[in-house]
There are 2 protein chains.
Amino acid sequence: MTKQEQIEQAVEKFWETIPPAWHATRAVVRGAAAEKFHLTEEQFQVLRRIRRGSASVSALAEASQTSRSAVSKAVEALVRRGLVSRSQNPDDRRNLPLALTDEGQRVMAGVYDETEQWLSARFTRLTAEETESLLLGMESLRKAFTTP
Amino acid sequence: MTKQEQIEQAVEKFWETIPPAWHATRAVVRGAAAEKFHLTEEQFQVLRRIRRGSASVSALAEASQTSRSAVSKAVEALVRRGLVSRSQNPDDRRNLPLALTDEGQRVMAGVYDETEQWLSARFTRLTAEETESLLLGMESLRKAFTTP
DNA sequence: TGGAAATAGTTGTACAATGCAACTATTCAC
DNA sequence: GTGAATAGTTGCATTGTACAACTATTTCCA
């Protein structure tokens with residue numbers, strides 16, 4: 001198999017794999033987050049990333065590959081609901097660091113557990129070797145999409 | 001690394017990899033498809049899958065993990081624009097087989113080339129080994145999400 | 001130092017994406 | 001032949017999203 005054929009295969013498999021997997025996952029997040037906590041999927045992603053350390057609108061937009069304005073609106077809704085706090089960075093007053101409030105932490109733990117369990121259930125279907133190849137493959141995918 | 005740890009890593013990597021990759025790709029499709037051909041991203045996916053052989057609203061919904069109603073609306077728009085034809089299946093009159101019209105084929109070729117090129121460019125950044133692991137990993141991902 | 005360019009973030013607007021529930025038409029199961 | 005299942009559509013409500021225009025602040029550099 002030439003490099004070129006390999007790439008064509010990857011493109012084809014990408015289409016067949018990534019969008020459906022993401023749609024299915026998003027549907028689960030939407031169900032769990034909306035029903036129990038009145039969070040939208042976008043808001044869930046924002047909470048998740050803030051918990052992981054992304055602490056500004058720009059960082060969130062960069063990490064999730066969406067626009068600053070979309071993130072800004074999600075954050076605004078979360079701040080209004082008291083799940084996220086916005087503070088001021090004295091070193092750069094354009095920058096508004098974000099953090100989870102206690103309530104945000106609590107909500108996040110609940111939603112995350114549920115969706116993580118669902119995802120874990122998918123991955124439990126795989127053998128150890130398949131899971132290993134999944135990890136390697138996702139690392140390659142990440143590299144393909146982030147290398148400048 | 002225990003199986004459980006492996007799965008937790010996979011969940012984490014999934015969140016960090018799949019949504020951003022998909023968002024970025026969708027943005028490109030949206031740009032190319034919208035600007036040159038006035039297609040929405042959803043319509044692009046439908047055209048793509050019809051070309052690949054998915055020939056009914058239900059099959060499309062199943063393949064893309066979305067609802068029949070969402071697909072139905074996209075198909076309706078494409079039929080109205082003359083890119084897709086709906087026929088009747090004499091063996092089951094509930095079933096309305098779909099096919100690309102000549103114009104649909106032409107448009108699809110144009111859009112697909114462009115987005116495929118963009119995706120190919122991402123994957124060209126990878127070594128042969130990385131591309132190989134990407135292929136294996138996506139196969140695992142597909143399995144994780146389709147096994148009943 | 002003064003101003004141009006860059007960056008962080010917000011908001012208005014418009015449209016795309018989507019699910020759900022209710023509906024029709026048809027087929028299947030027994 | 002009737003009730004359950006399936007294919008598909010439509011109305012409605014809501015989310016997701018980008019783009020462009022805007023403010024506020026910082027950085028760059030001549």
# chains A, B, ... in the order shown; residues from 1 in each chain; ligands from 1
call {"tool": "interface_residues", "arguments": {"of": "chain B", "to": "chain A", "cutoff": "8 Å", "atoms": "only C-alpha atoms", "output": "ChimeraX atom specification"}}
result
/B:3,6-11,13-14,17-24,63-66,116,119-120,122-126,128,130-145,147
call {"tool": "write_last_selection", "arguments": {"atoms": "N, CA and C atoms", "output": "tab-separated table (two decimals), in the first residue's frame"}}
result
chain	number	residue	atom	x	y	z
B	3	LYS	N	-6.50	-2.66	32.58
B	3	LYS	CA	-7.55	-2.42	31.58
B	3	LYS	C	-8.36	-1.18	31.94
B	6	GLN	N	-6.56	1.96	31.21
B	6	GLN	CA	-6.51	2.13	29.77
B	6	GLN	C	-7.81	2.77	29.26
B	7	ILE	N	-8.90	2.27	29.79
B	7	ILE	CA	-10.20	2.80	29.36
B	7	ILE	C	-10.36	4.25	29.78
B	8	GLU	N	-9.94	4.57	31.00
B	8	GLU	CA	-10.04	5.96	31.44
B	8	GLU	C	-9.21	6.88	30.55
B	9	GLN	N	-8.04	6.41	30.19
B	9	GLN	CA	-7.21	7.20	29.27
B	9	GLN	C	-7.91	7.40	27.93
B	10	ALA	N	-8.55	6.34	27.46
B	10	ALA	CA	-9.22	6.43	26.17
B	10	ALA	C	-10.35	7.46	26.23
B	11	VAL	N	-11.09	7.45	27.34
B	11	VAL	CA	-12.18	8.41	27.48
B	11	VAL	C	-11.62	9.83	27.43
B	13	LYS	N	-8.78	10.93	26.20
B	13	LYS	CA	-8.23	11.25	24.89
B	13	LYS	C	-9.33	11.47	23.88
B	14	PHE	N	-10.39	10.71	24.03
B	14	PHE	CA	-11.54	10.90	23.15
B	14	PHE	C	-12.04	12.34	23.24
B	17	THR	N	-9.70	14.81	21.59
B	17	THR	CA	-9.35	14.61	20.19
B	17	THR	C	-10.54	14.70	19.24
B	18	ILE	N	-11.58	13.94	19.53
B	18	ILE	CA	-12.66	13.78	18.56
B	18	ILE	C	-13.47	15.05	18.34
B	19	PRO	N	-13.97	15.68	19.41
B	19	PRO	CA	-14.77	16.88	19.14
B	19	PRO	C	-13.99	17.98	18.41
B	20	PRO	N	-12.76	18.31	18.82
B	20	PRO	CA	-12.05	19.36	18.07
B	20	PRO	C	-11.80	18.97	16.62
B	21	ALA	N	-11.41	17.72	16.39
B	21	ALA	CA	-11.13	17.31	15.01
B	21	ALA	C	-12.40	17.44	14.17
B	22	TRP	N	-13.49	17.04	14.74
B	22	TRP	CA	-14.73	17.10	13.99
B	22	TRP	C	-15.18	18.55	13.77
B	23	HIS	N	-15.05	19.38	14.79
B	23	HIS	CA	-15.41	20.79	14.63
B	23	HIS	C	-14.60	21.44	13.53
B	24	ALA	N	-13.30	21.16	13.55
B	24	ALA	CA	-12.43	21.78	12.54
B	24	ALA	C	-12.82	21.30	11.14
B	63	ALA	N	-26.63	5.48	9.61
B	63	ALA	CA	-25.20	5.60	9.34
B	63	ALA	C	-24.60	6.83	10.00
B	64	SER	N	-25.37	7.90	10.06
B	64	SER	CA	-24.77	9.12	10.59
B	64	SER	C	-25.15	9.34	12.05
B	65	GLN	N	-25.90	8.42	12.62
B	65	GLN	CA	-26.28	8.52	14.03
B	65	GLN	C	-27.03	9.79	14.34
B	66	THR	N	-27.95	10.14	13.45
B	66	THR	CA	-28.83	11.26	13.77
B	66	THR	C	-30.27	10.78	13.58
B	116	GLU	N	-11.71	16.70	0.72
B	116	GLU	CA	-10.79	15.56	0.80
B	116	GLU	C	-9.35	16.04	0.75
B	119	LEU	N	-8.48	17.30	4.20
B	119	LEU	CA	-8.23	16.18	5.11
B	119	LEU	C	-6.92	15.47	4.77
B	120	SER	N	-6.71	15.26	3.48
B	120	SER	CA	-5.47	14.61	3.06
B	120	SER	C	-4.26	15.39	3.55
B	122	ARG	N	-4.05	17.16	6.21
B	122	ARG	CA	-3.83	16.86	7.64
B	122	ARG	C	-3.04	15.56	7.76
B	123	PHE	N	-3.49	14.55	7.04
B	123	PHE	CA	-2.93	13.23	7.24
B	123	PHE	C	-1.53	13.10	6.63
B	124	THR	N	-1.23	13.97	5.69
B	124	THR	CA	0.10	13.94	5.09
B	124	THR	C	1.16	14.34	6.12
B	125	ARG	N	0.72	15.00	7.18
B	125	ARG	CA	1.68	15.38	8.22
B	125	ARG	C	2.17	14.17	9.00
B	126	LEU	N	1.47	13.06	8.87
B	126	LEU	CA	1.82	11.89	9.67
B	126	LEU	C	2.83	11.01	8.94
B	128	ALA	N	4.20	7.20	7.92
B	128	ALA	CA	3.46	6.00	7.49
B	128	ALA	C	2.99	5.20	8.70
B	130	GLU	N	2.38	6.34	11.72
B	130	GLU	CA	1.29	7.05	12.41
B	130	GLU	C	-0.03	6.90	11.65
B	131	THR	N	0.05	6.95	10.33
B	131	THR	CA	-1.17	6.78	9.54
B	131	THR	C	-1.72	5.37	9.74
B	132	GLU	N	-0.82	4.41	9.77
B	132	GLU	CA	-1.24	3.04	10.01
B	132	GLU	C	-1.95	2.92	11.36
B	133	SER	N	-1.38	3.55	12.39
B	133	SER	CA	-2.01	3.44	13.70
B	133	SER	C	-3.34	4.20	13.72
B	134	LEU	N	-3.40	5.26	12.92
B	134	LEU	CA	-4.67	6.00	12.81
B	134	LEU	C	-5.75	5.10	12.23
B	135	LEU	N	-5.40	4.37	11.17
B	135	LEU	CA	-6.36	3.46	10.55
B	135	LEU	C	-6.84	2.40	11.54
B	136	LEU	N	-5.90	1.81	12.24
B	136	LEU	CA	-6.28	0.79	13.23
B	136	LEU	C	-7.15	1.39	14.33
B	137	GLY	N	-6.73	2.56	14.78
B	137	GLY	CA	-7.47	3.19	15.87
B	137	GLY	C	-8.89	3.54	15.47
B	138	MET	N	-9.07	4.03	14.26
B	138	MET	CA	-10.42	4.37	13.83
B	138	MET	C	-11.26	3.11	13.68
B	139	GLU	N	-10.62	2.04	13.27
B	139	GLU	CA	-11.37	0.78	13.20
B	139	GLU	C	-11.85	0.36	14.60
B	140	SER	N	-10.97	0.54	15.59
B	140	SER	CA	-11.38	0.22	16.96
B	140	SER	C	-12.53	1.13	17.40
B	141	LEU	N	-12.39	2.39	17.05
B	141	LEU	CA	-13.43	3.34	17.46
B	141	LEU	C	-14.77	2.96	16.83
B	142	ARG	N	-14.72	2.65	15.55
B	142	ARG	CA	-15.94	2.24	14.86
B	142	ARG	C	-16.55	1.03	15.56
B	143	LYS	N	-15.69	0.09	15.90
B	143	LYS	CA	-16.21	-1.11	16.57
B	143	LYS	C	-16.84	-0.76	17.93
B	144	ALA	N	-16.15	0.10	18.67
B	144	ALA	CA	-16.65	0.45	20.00
B	144	ALA	C	-18.05	1.07	19.90
B	145	PHE	N	-18.29	1.79	18.83
B	145	PHE	CA	-19.56	2.51	18.71
B	145	PHE	C	-20.63	1.76	17.95
B	147	THR	N	-20.75	-2.00	17.92
B	147	THR	CA	-21.08	-3.28	18.54
B	147	THR	C	-22.33	-3.10	19.40
call {"tool": "interface_residues", "arguments": {"of": "chain B", "to": "chain D", "cutoff": "10 Å", "atoms": "only C-alpha atoms (C1' of nucleotides)", "output": "number ranges by chain"}}
result
B: 27, 56-58, 68-69, 72-73, 76, 92-96
call {"tool": "write_last_selection", "arguments": {"atoms": "N, CA and C atoms", "output": "PDB file, in the first residue's frame"}}
result
ATOM      1  N   ALA B  27     -16.039  22.808   9.958  1.00  0.00           N
ATOM      2  CA  ALA B  27     -15.881  24.205   9.553  1.00  0.00           C
ATOM      3  C   ALA B  27     -15.376  24.291   8.115  1.00  0.00           C
ATOM      4  N   SER B  56     -31.562   5.332   1.544  1.00  0.00           N
ATOM      5  CA  SER B  56     -32.872   5.656   2.106  1.00  0.00           C
ATOM      6  C   SER B  56     -32.672   6.561   3.305  1.00  0.00           C
ATOM      7  N   VAL B  57     -33.712   7.261   3.683  1.00  0.00           N
ATOM      8  CA  VAL B  57     -33.640   8.164   4.827  1.00  0.00           C
ATOM      9  C   VAL B  57     -33.228   7.394   6.078  1.00  0.00           C
ATOM     10  N   SER B  58     -33.817   6.239   6.279  1.00  0.00           N
ATOM     11  CA  SER B  58     -33.497   5.476   7.489  1.00  0.00           C
ATOM     12  C   SER B  58     -32.048   5.020   7.504  1.00  0.00           C
ATOM     13  N   ARG B  68     -34.143  10.447  11.961  1.00  0.00           N
ATOM     14  CA  ARG B  68     -34.712  10.382  10.624  1.00  0.00           C
ATOM     15  C   ARG B  68     -35.224  11.748  10.197  1.00  0.00           C
ATOM     16  N   SER B  69     -35.785  12.481  11.142  1.00  0.00           N
ATOM     17  CA  SER B  69     -36.375  13.757  10.748  1.00  0.00           C
ATOM     18  C   SER B  69     -35.314  14.734  10.242  1.00  0.00           C
ATOM     19  N   SER B  72     -34.407  13.590   6.813  1.00  0.00           N
ATOM     20  CA  SER B  72     -35.527  13.831   5.910  1.00  0.00           C
ATOM     21  C   SER B  72     -35.530  15.267   5.402  1.00  0.00           C
ATOM     22  N   LYS B  73     -35.265  16.185   6.315  1.00  0.00           N
ATOM     23  CA  LYS B  73     -35.275  17.591   5.917  1.00  0.00           C
ATOM     24  C   LYS B  73     -34.122  17.927   4.974  1.00  0.00           C
ATOM     25  N   GLU B  76     -34.997  16.464   1.609  1.00  0.00           N
ATOM     26  CA  GLU B  76     -36.034  17.281   0.972  1.00  0.00           C
ATOM     27  C   GLU B  76     -35.423  18.487   0.261  1.00  0.00           C
ATOM     28  N   ASP B  92     -41.729  -2.351  -1.720  1.00  0.00           N
ATOM     29  CA  ASP B  92     -42.131  -1.791  -0.427  1.00  0.00           C
ATOM     30  C   ASP B  92     -42.389  -0.318  -0.628  1.00  0.00           C
ATOM     31  N   ARG B  93     -43.629   0.007  -0.723  1.00  0.00           N
ATOM     32  CA  ARG B  93     -43.940   1.376  -1.127  1.00  0.00           C
ATOM     33  C   ARG B  93     -43.720   2.401  -0.020  1.00  0.00           C
ATOM     34  N   ARG B  94     -43.367   1.916   1.174  1.00  0.00           N
ATOM     35  CA  ARG B  94     -42.960   2.897   2.194  1.00  0.00           C
ATOM     36  C   ARG B  94     -41.557   3.425   1.900  1.00  0.00           C
ATOM     37  N   ASN B  95     -40.808   2.623   1.231  1.00  0.00           N
ATOM     38  CA  ASN B  95     -39.387   2.907   0.996  1.00  0.00           C
ATOM     39  C   ASN B  95     -39.204   3.777  -0.259  1.00  0.00           C
ATOM     40  N   LEU B  96     -38.471   4.879  -0.082  1.00  0.00           N
ATOM     41  CA  LEU B  96     -38.235   5.781  -1.214  1.00  0.00           C
ATOM     42  C   LEU B  96     -36.745   5.836  -1.518  1.00  0.00           C
TER      43      LEU B  96
END
call {"tool": "interface_residues", "arguments": {"of": "chain C", "to": "chain A", "cutoff": "9 Å", "atoms": "only C-alpha atoms (C1' of nucleotides)", "output": "MDAnalysis selection string"}}
result
chainID C and resid 7:11
call {"tool": "atom_distance", "arguments": {"atom1": "atom CA of Pro90 of chain A", "atom2": "atom CA of Ala74 of chain A"}}
result
24.1 Å
call {"tool": "select_by_dssp", "arguments": {"residues": "chain A", "states": "helix (DSSP H, G or I)", "output": "ChimeraX atom specification"}}
result
/A:3-37,41-52,57-64,68-80,102-124,128-146
call {"tool": "residues_around", "arguments": {"residues": "segment 97-112 of chain B", "least_positions_apart": "5", "cutoff": "9 Å", "atoms": "only C-alpha atoms (C1' of nucleotides)", "output": "PyMOL selection string"}}
result
chain B and resi 29+32-33+36-37+44+47-48+50-51+53-57+75+78+82-89+117
call {"tool": "write_last_selection", "arguments": {"atoms": "N, CA and C atoms", "output": "PDB file, in the first residue's frame"}}
result
ATOM      1  N   VAL B  29     -15.745  21.953   5.726  1.00  0.00           N
ATOM      2  CA  VAL B  29     -16.840  21.531   4.852  1.00  0.00           C
ATOM      3  C   VAL B  29     -17.820  22.672   4.682  1.00  0.00           C
ATOM      4  N   ALA B  32     -16.301  25.345   2.317  1.00  0.00           N
ATOM      5  CA  ALA B  32     -16.230  24.949   0.913  1.00  0.00           C
ATOM      6  C   ALA B  32     -17.615  24.707   0.336  1.00  0.00           C
ATOM      7  N   ALA B  33     -18.429  23.950   1.078  1.00  0.00           N
ATOM      8  CA  ALA B  33     -19.729  23.564   0.552  1.00  0.00           C
ATOM      9  C   ALA B  33     -20.666  24.760   0.445  1.00  0.00           C
ATOM     10  N   LYS B  36     -19.165  27.682  -2.300  1.00  0.00           N
ATOM     11  CA  LYS B  36     -19.159  27.382  -3.724  1.00  0.00           C
ATOM     12  C   LYS B  36     -20.445  26.734  -4.217  1.00  0.00           C
ATOM     13  N   PHE B  37     -21.098  26.012  -3.339  1.00  0.00           N
ATOM     14  CA  PHE B  37     -22.230  25.220  -3.838  1.00  0.00           C
ATOM     15  C   PHE B  37     -23.523  25.441  -3.060  1.00  0.00           C
ATOM     16  N   PHE B  44     -24.152  18.036   2.704  1.00  0.00           N
ATOM     17  CA  PHE B  44     -22.932  17.417   2.187  1.00  0.00           C
ATOM     18  C   PHE B  44     -22.820  15.964   2.648  1.00  0.00           C
ATOM     19  N   LEU B  47     -25.295  13.801   0.722  1.00  0.00           N
ATOM     20  CA  LEU B  47     -24.828  13.538  -0.641  1.00  0.00           C
ATOM     21  C   LEU B  47     -23.711  12.497  -0.627  1.00  0.00           C
ATOM     22  N   ARG B  48     -22.783  12.693   0.291  1.00  0.00           N
ATOM     23  CA  ARG B  48     -21.641  11.800   0.364  1.00  0.00           C
ATOM     24  C   ARG B  48     -22.089  10.363   0.588  1.00  0.00           C
ATOM     25  N   ILE B  50     -25.076   9.048   0.096  1.00  0.00           N
ATOM     26  CA  ILE B  50     -25.860   8.500  -1.016  1.00  0.00           C
ATOM     27  C   ILE B  50     -24.900   8.004  -2.088  1.00  0.00           C
ATOM     28  N   ARG B  51     -23.876   8.812  -2.354  1.00  0.00           N
ATOM     29  CA  ARG B  51     -22.901   8.382  -3.340  1.00  0.00           C
ATOM     30  C   ARG B  51     -22.238   7.069  -2.943  1.00  0.00           C
ATOM     31  N   GLY B  53     -23.672   4.752  -1.412  1.00  0.00           N
ATOM     32  CA  GLY B  53     -24.587   3.640  -1.482  1.00  0.00           C
ATOM     33  C   GLY B  53     -25.744   3.635  -0.491  1.00  0.00           C
ATOM     34  N   SER B  54     -25.696   4.493   0.516  1.00  0.00           N
ATOM     35  CA  SER B  54     -26.836   4.563   1.435  1.00  0.00           C
ATOM     36  C   SER B  54     -28.017   5.144   0.673  1.00  0.00           C
ATOM     37  N   ALA B  55     -29.100   4.410   0.637  1.00  0.00           N
ATOM     38  CA  ALA B  55     -30.126   4.794  -0.318  1.00  0.00           C
ATOM     39  C   ALA B  55     -31.504   4.989   0.278  1.00  0.00           C
ATOM     40  N   SER B  56     -31.562   5.332   1.544  1.00  0.00           N
ATOM     41  CA  SER B  56     -32.872   5.656   2.106  1.00  0.00           C
ATOM     42  C   SER B  56     -32.672   6.561   3.305  1.00  0.00           C
ATOM     43  N   VAL B  57     -33.712   7.261   3.683  1.00  0.00           N
ATOM     44  CA  VAL B  57     -33.640   8.164   4.827  1.00  0.00           C
ATOM     45  C   VAL B  57     -33.228   7.394   6.078  1.00  0.00           C
ATOM     46  N   VAL B  75     -32.662  15.827   2.937  1.00  0.00           N
ATOM     47  CA  VAL B  75     -32.974  15.192   1.661  1.00  0.00           C
ATOM     48  C   VAL B  75     -33.998  16.032   0.890  1.00  0.00           C
ATOM     49  N   LEU B  78     -32.391  18.796  -0.832  1.00  0.00           N
ATOM     50  CA  LEU B  78     -31.569  18.356  -1.964  1.00  0.00           C
ATOM     51  C   LEU B  78     -32.437  17.957  -3.151  1.00  0.00           C
ATOM     52  N   GLY B  82     -32.748  19.555  -6.989  1.00  0.00           N
ATOM     53  CA  GLY B  82     -32.443  18.716  -8.145  1.00  0.00           C
ATOM     54  C   GLY B  82     -31.123  17.979  -8.040  1.00  0.00           C
ATOM     55  N   LEU B  83     -30.612  17.807  -6.808  1.00  0.00           N
ATOM     56  CA  LEU B  83     -29.347  17.093  -6.662  1.00  0.00           C
ATOM     57  C   LEU B  83     -29.574  15.620  -6.316  1.00  0.00           C
ATOM     58  N   VAL B  84     -30.758  15.333  -5.815  1.00  0.00           N
ATOM     59  CA  VAL B  84     -31.081  13.966  -5.415  1.00  0.00           C
ATOM     60  C   VAL B  84     -32.452  13.620  -5.984  1.00  0.00           C
ATOM     61  N   SER B  85     -32.580  12.368  -6.431  1.00  0.00           N
ATOM     62  CA  SER B  85     -33.887  11.921  -6.921  1.00  0.00           C
ATOM     63  C   SER B  85     -34.466  10.898  -5.951  1.00  0.00           C
ATOM     64  N   ARG B  86     -35.774  10.954  -5.785  1.00  0.00           N
ATOM     65  CA  ARG B  86     -36.477  10.005  -4.943  1.00  0.00           C
ATOM     66  C   ARG B  86     -37.328   9.147  -5.846  1.00  0.00           C
ATOM     67  N   SER B  87     -37.195   7.843  -5.758  1.00  0.00           N
ATOM     68  CA  SER B  87     -38.035   6.994  -6.599  1.00  0.00           C
ATOM     69  C   SER B  87     -38.931   6.150  -5.696  1.00  0.00           C
ATOM     70  N   GLN B  88     -39.630   5.213  -6.286  1.00  0.00           N
ATOM     71  CA  GLN B  88     -40.512   4.334  -5.519  1.00  0.00           C
ATOM     72  C   GLN B  88     -39.994   2.914  -5.615  1.00  0.00           C
ATOM     73  N   ASN B  89     -40.003   2.241  -4.494  1.00  0.00           N
ATOM     74  CA  ASN B  89     -39.626   0.837  -4.487  1.00  0.00           C
ATOM     75  C   ASN B  89     -40.902   0.003  -4.604  1.00  0.00           C
ATOM     76  N   GLN B 117      -9.136  17.045  -0.059  1.00  0.00           N
ATOM     77  CA  GLN B 117      -7.786  17.596  -0.120  1.00  0.00           C
ATOM     78  C   GLN B 117      -7.354  18.152   1.226  1.00  0.00           C
TER      79      GLN B 117
END
call {"tool": "select_by_dssp", "arguments": {"residues": "chain B", "states": "strand (DSSP E or B)", "output": "list in words"}}
result
Val84, Ser85, Arg86, Leu98, Ala99 and Leu100 of chain B
call {"tool": "atom_distance", "arguments": {"atom1": "atom CA of Leu60 of chain A", "atom2": "atom CA of Val46 of chain A"}}
result
7.0 Å
call {"tool": "atom_distance", "arguments": {"atom1": "atom CA of Leu39 of chain A", "atom2": "atom C1' of DT18 of chain C"}}
result
16.0 Å
